[in-house]
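File shown: entry-v3.txt (compact mmCIF, C-alpha atoms and all ligand atoms).
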# COMPACT_ATOMS: atom_id res chain seq x y z
CA MET K 21 63.84 70.70 -71.68
CA ALA K 22 60.92 68.51 -72.72
CA ILE K 23 63.13 66.00 -74.49
CA GLU K 24 63.58 63.06 -72.14
CA ARG K 25 65.44 59.78 -72.12
CA THR K 26 64.04 56.60 -70.62
CA LEU K 27 65.20 53.02 -70.09
CA ILE K 28 63.24 50.35 -71.92
CA LEU K 29 63.99 46.67 -71.39
CA ILE K 30 62.69 43.97 -73.70
CA LYS K 31 62.51 41.25 -71.08
CA PRO K 32 63.71 37.64 -71.56
CA ASP K 33 60.22 36.50 -72.68
CA GLY K 34 60.25 39.10 -75.47
CA VAL K 35 63.70 37.96 -76.61
CA GLN K 36 62.70 34.25 -76.46
CA ARG K 37 59.57 34.96 -78.47
CA GLY K 38 61.44 36.77 -81.21
CA LEU K 39 59.72 40.08 -80.50
CA ILE K 40 62.76 42.36 -80.24
CA GLY K 41 62.20 43.78 -83.71
CA SER K 42 58.43 44.18 -83.32
CA ILE K 43 58.83 46.04 -80.04
CA VAL K 44 61.72 48.26 -81.15
CA GLU K 45 59.71 49.08 -84.26
CA ARG K 46 56.89 50.48 -82.13
CA PHE K 47 59.19 53.05 -80.56
CA GLU K 48 60.77 53.94 -83.90
CA ARG K 49 57.39 54.31 -85.60
CA ARG K 50 56.21 56.59 -82.81
CA GLY K 51 59.10 58.87 -83.77
CA LEU K 52 61.15 58.24 -80.66
CA LYS K 53 64.89 58.06 -81.12
CA ILE K 54 66.98 55.05 -80.14
CA ALA K 55 69.91 56.55 -78.22
CA GLY K 56 71.25 53.19 -76.96
CA LEU K 57 70.60 49.53 -77.73
CA LYS K 58 72.21 46.29 -76.63
CA LEU K 59 71.61 42.66 -75.74
CA MET K 60 72.75 41.70 -72.25
CA LYS K 61 72.09 39.42 -69.29
CA MET K 62 70.76 40.83 -66.05
CA THR K 63 72.79 39.55 -63.10
CA GLU K 64 71.27 39.09 -59.65
CA ALA K 65 73.31 42.07 -58.47
CA LEU K 66 71.93 44.28 -61.23
CA ALA K 67 68.41 43.00 -60.55
CA ALA K 68 68.79 43.95 -56.88
CA GLN K 69 69.75 47.50 -57.86
CA HIS K 70 67.21 47.84 -60.64
CA TYR K 71 64.31 46.47 -58.57
CA LYS K 72 65.43 47.89 -55.21
CA ASP K 73 61.92 49.22 -54.50
CA HIS K 74 60.49 45.70 -54.89
CA VAL K 75 63.01 43.77 -52.75
CA THR K 76 60.52 43.25 -49.92
CA LYS K 77 57.61 42.21 -52.16
CA GLY K 78 56.40 38.62 -52.34
CA PHE K 79 56.92 38.46 -56.10
CA TYR K 80 60.55 39.66 -55.93
CA LYS K 81 62.21 36.21 -56.03
CA GLY K 82 60.17 35.08 -59.03
CA LEU K 83 60.75 38.42 -60.74
CA VAL K 84 64.53 38.12 -60.40
CA ALA K 85 64.48 34.47 -61.54
CA PHE K 86 62.56 35.54 -64.64
CA MET K 87 64.64 38.62 -65.39
CA THR K 88 67.94 36.70 -65.07
CA SER K 89 66.68 33.67 -67.04
CA GLY K 90 68.07 34.75 -70.41
CA PRO K 91 69.27 37.72 -72.39
CA LEU K 92 67.27 40.92 -72.55
CA ALA K 93 67.49 43.89 -74.85
CA ALA K 94 68.17 47.25 -73.22
CA LEU K 95 67.21 50.46 -75.00
CA CYS K 96 67.59 54.12 -74.25
CA VAL K 97 64.63 55.81 -75.93
CA GLU K 98 64.57 59.58 -76.40
CA GLY K 99 61.92 62.12 -77.32
CA PRO K 100 59.36 64.64 -76.04
CA LYS K 101 57.93 63.31 -72.75
CA ALA K 102 59.50 59.97 -73.65
CA ILE K 103 59.05 58.53 -70.14
CA GLU K 104 55.27 58.97 -70.09
CA VAL K 105 54.84 58.22 -73.79
CA ALA K 106 56.71 54.92 -73.45
CA ARG K 107 54.75 53.92 -70.32
CA LYS K 108 51.49 54.52 -72.19
CA MET K 109 52.76 52.49 -75.14
CA MET K 110 53.59 49.59 -72.78
CA GLY K 111 50.17 49.44 -71.14
CA LYS K 112 49.17 48.31 -67.66
CA THR K 113 51.60 46.12 -65.67
CA PHE K 114 49.83 42.79 -66.23
CA CYS K 115 49.27 41.89 -69.88
CA THR K 116 45.82 40.60 -68.93
CA ASP K 117 44.82 44.15 -67.90
CA ALA K 118 46.62 46.01 -70.70
CA GLU K 119 44.54 47.61 -73.44
CA PRO K 120 44.81 46.36 -77.02
CA GLY K 121 47.06 48.75 -78.90
CA THR K 122 49.65 48.67 -76.16
CA ILE K 123 52.72 46.41 -76.29
CA ARG K 124 51.59 44.30 -73.35
CA GLY K 125 48.00 44.31 -74.60
CA ASP K 126 48.94 43.22 -78.10
CA PHE K 127 51.68 40.67 -77.44
CA GLY K 128 51.02 39.08 -74.05
CA VAL K 129 48.55 37.32 -71.76
CA SER K 130 50.80 36.75 -68.73
CA ARG K 131 50.97 38.69 -65.49
CA GLY K 132 54.68 38.46 -64.65
CA MET K 133 56.03 37.81 -68.14
CA ASN K 134 55.00 41.19 -69.38
CA LEU K 135 57.56 41.73 -72.14
CA VAL K 136 58.80 45.22 -71.34
CA HIS K 137 60.10 47.49 -68.63
CA GLY K 138 59.95 51.27 -68.81
CA SER K 139 61.21 53.76 -66.23
CA ASP K 140 58.32 55.25 -64.28
CA GLY K 141 59.59 58.81 -63.83
CA PRO K 142 62.51 61.18 -64.39
CA ASP K 143 64.49 60.10 -61.30
CA ALA K 144 64.04 56.41 -62.12
CA ALA K 145 65.00 57.01 -65.76
CA LYS K 146 68.24 58.72 -64.77
CA ARG K 147 69.11 56.09 -62.17
CA GLU K 148 68.20 53.11 -64.37
CA LEU K 149 69.95 54.39 -67.51
CA ALA K 150 73.15 54.73 -65.46
CA LEU K 151 72.76 51.12 -64.29
CA PHE K 152 72.44 49.71 -67.82
CA PHE K 153 74.52 52.00 -70.03
CA LYS K 154 77.98 53.49 -69.86
CA PRO K 155 78.02 57.12 -71.07
CA GLU K 156 79.84 56.11 -74.27
CA GLU K 157 77.09 53.60 -75.10
CA LEU K 158 74.52 56.39 -75.44
CA PHE K 159 74.49 58.47 -78.61
CA GLU K 160 73.46 62.00 -79.43
CA TYR K 161 72.79 62.29 -83.14
CA SER K 162 70.35 63.96 -85.47
CA ARG K 163 68.21 62.12 -87.96
CA ALA K 164 67.04 63.49 -91.27
CA LEU K 165 63.44 62.96 -90.15
CA ASP K 166 63.75 64.79 -86.83
CA ALA K 167 62.39 68.06 -88.23
CA ALA K 168 59.18 66.24 -89.17
CA VAL K 169 58.87 64.48 -85.81
CA VAL K 170 59.84 67.11 -83.24
CA SER K 171 59.22 70.87 -83.56
CA ASP K 172 60.93 73.73 -81.69
CA GLU K 173 57.82 73.91 -79.52
CA ASP K 174 58.31 70.25 -78.48
CA ARG K 175 61.85 70.99 -77.44
CA ALA K 176 60.99 74.07 -75.40
P1 LIG W 1 55.78 48.06 -64.08
O1 LIG W 1 56.68 47.07 -64.78
O2 LIG W 1 54.47 48.23 -64.82
O3 LIG W 1 56.46 49.36 -63.76
P2 LIG W 1 56.10 47.40 -61.28
O4 LIG W 1 57.28 48.32 -61.26
O5 LIG W 1 55.04 47.63 -60.23
O6 LIG W 1 55.39 47.37 -62.69
O7 LIG W 1 56.61 45.91 -61.08
C1 LIG W 1 57.80 45.46 -61.71
C2 LIG W 1 57.55 44.11 -62.31
O8 LIG W 1 57.28 43.14 -61.29
C3 LIG W 1 56.32 44.05 -63.23
O9 LIG W 1 56.65 44.43 -64.54
C4 LIG W 1 55.89 42.62 -63.12
C5 LIG W 1 56.27 42.23 -61.71
N1 LIG W 1 55.14 42.37 -60.78
C6 LIG W 1 54.64 43.51 -60.27
N2 LIG W 1 53.63 43.29 -59.43
C7 LIG W 1 53.49 41.94 -59.39
C8 LIG W 1 52.62 41.05 -58.69
N3 LIG W 1 51.68 41.51 -57.85
N4 LIG W 1 52.76 39.73 -58.94
C9 LIG W 1 53.71 39.26 -59.78
N5 LIG W 1 54.58 40.04 -60.45
C10 LIG W 1 54.47 41.36 -60.26
MG MG W 2 58.12 49.71 -62.50

Please, can you express the file's structure as structure tokens?
Ligand code: DAT
Ligand code: MG
Amino acid sequence: MAIERTLILIKPDGVQRGLIGSIVERFERRGLKIAGLKLMKMTEALAAQHYKDHVTKGFYKGLVAFMTSGPLAALCVEGPKAIEVARKMMGKTFCTDAEPGTIRGDFGVSRGMNLVHGSDGPDAAKRELALFFKPEELFEYSRALDAAVVSDEDRA
């Protein structure tokens, strides 16, 4: 099954800067489907689970302070190879390194305040989606435009 789901977070800087719509629009325009969407606050406990691989890193404390500083928008984005497609759309980790045309490369100049999170692989996507969404908050639905966006070959 080549149709994947991934977790995208529009981080507190993106919400503060009024970029929720601009960022969500990028995923919609690409043809990806929004299977879940909500505004929420990341608690320290959720940050510890979400960023468990980074707990020992020097930047962890600052990262958690930033991520818990205000509301963020959580999205479940679905489509063919959605995990890799979304990561490419986000650009390199630090906005200063990200190519123009990417979300980080078009909207940011910061290192840490890099606007978006995207799961980095299938295991992370599954784990992270379960952290942020209850099953009933994710939706399976067809759109009238799906036949023009995804072919049978894409689904295979
Ligand atoms: P990504 O968000 O591109 O998957 P990551 O998982 O390596 O990057 O790191 C998670 C977040 O932590 C990243 O979006 C920004 C912050 N971060 C990573 N490395 C950092 C560093 N060396 N200094 C400061 N913040 C860093
Ligand atoms: Mg990461």

Using all atoms listed in the file, which residues sit within 10 Å of Phe79 in chain K once same-chain residues fewer than 5 positions away are excluded, as a PyMOL selection string?
chain K and resi 74+84+132

Could you list, as a PyMOL selection string, all protein and nucleic acid residues with an atom at most 12 Å from ligand LIG 1 (chain W), counting all atoms listed in the file? chain K and resi 27-31+33+67+70-87+103-104+106-118+123-124+130-141+144-145

A straight line from CA of Arg50 in chain K to CA of Ala176 in chain K spans 19.6 Å

Closest to Gly99 in chain K among K:Ala150, K:Ile43, K:Ile54, K:Ala168, using only C-alpha atoms?
->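 The answer is K:Ile54, which sits nearest to Gly99 in chain K.
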
| request: Could you check which of K:Phe153, K:Thr88, K:Ala22, K:Glu148 is closest to Ala65 in chain K, using all atoms listed in the file? | output: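 The answer is K:Thr88, which sits nearest to Ala65 in chain K.
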
- prompt: So how far away is CA of Glu173 in chain K from CA of Phe159 in chain K, in Å?
  reply: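 A separation of 22.7 Å between them.
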
task: Give me, please, the distance in Å between CA of Arg49 in chain K and CA of Lys61 in chain K, quoted to one decimal.
output: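 It comes out at 26.5 Å.
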
* Close residues, Leu59 in chain K itself excluded, 8 Å, all atoms listed in the file, min 5 positions apart in chain, as a ChimeraX atom specification -> /K:91-94

query = So which residues touch Pro155 in chain K within 12 Å, counting all atoms listed in the file, skipping near sequence neighbours fewer than 4 positions away, as a PyMOL selection string?
reply = chain K and resi 55-56+96+146+149-151+159-160

Output of the above residues as a short mmCIF file (atom, residue, chain, number, x, y, z; two decimals), in the coordinates of the input, restricted to C-alpha atoms:
data_model
loop_
_atom_site.label_atom_id
_atom_site.label_comp_id
_atom_site.auth_asym_id
_atom_site.auth_seq_id
_atom_site.Cartn_x
_atom_site.Cartn_y
_atom_site.Cartn_z
CA ALA K 55 69.91 56.55 -78.22
CA GLY K 56 71.25 53.19 -76.96
CA CYS K 96 67.59 54.12 -74.25
CA LYS K 146 68.24 58.72 -64.77
CA LEU K 149 69.95 54.39 -67.51
CA ALA K 150 73.15 54.73 -65.46
CA LEU K 151 72.76 51.12 -64.29
CA PHE K 159 74.49 58.47 -78.61
CA GLU K 160 73.46 62.00 -79.43
#

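Nearest-residue note for Val105 in chain K: choosing from K:Ser171, K:Gly34, K:Leu52, K:Arg163, the minimum distance belongs to K:Leu52, counting all atoms listed in the file.
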
If you count only C-alpha atoms, the residue of K:Lys154, K:Arg37, K:Lys58, K:Lys53 closest to Ala102 in chain K turns out to be K:Lys53
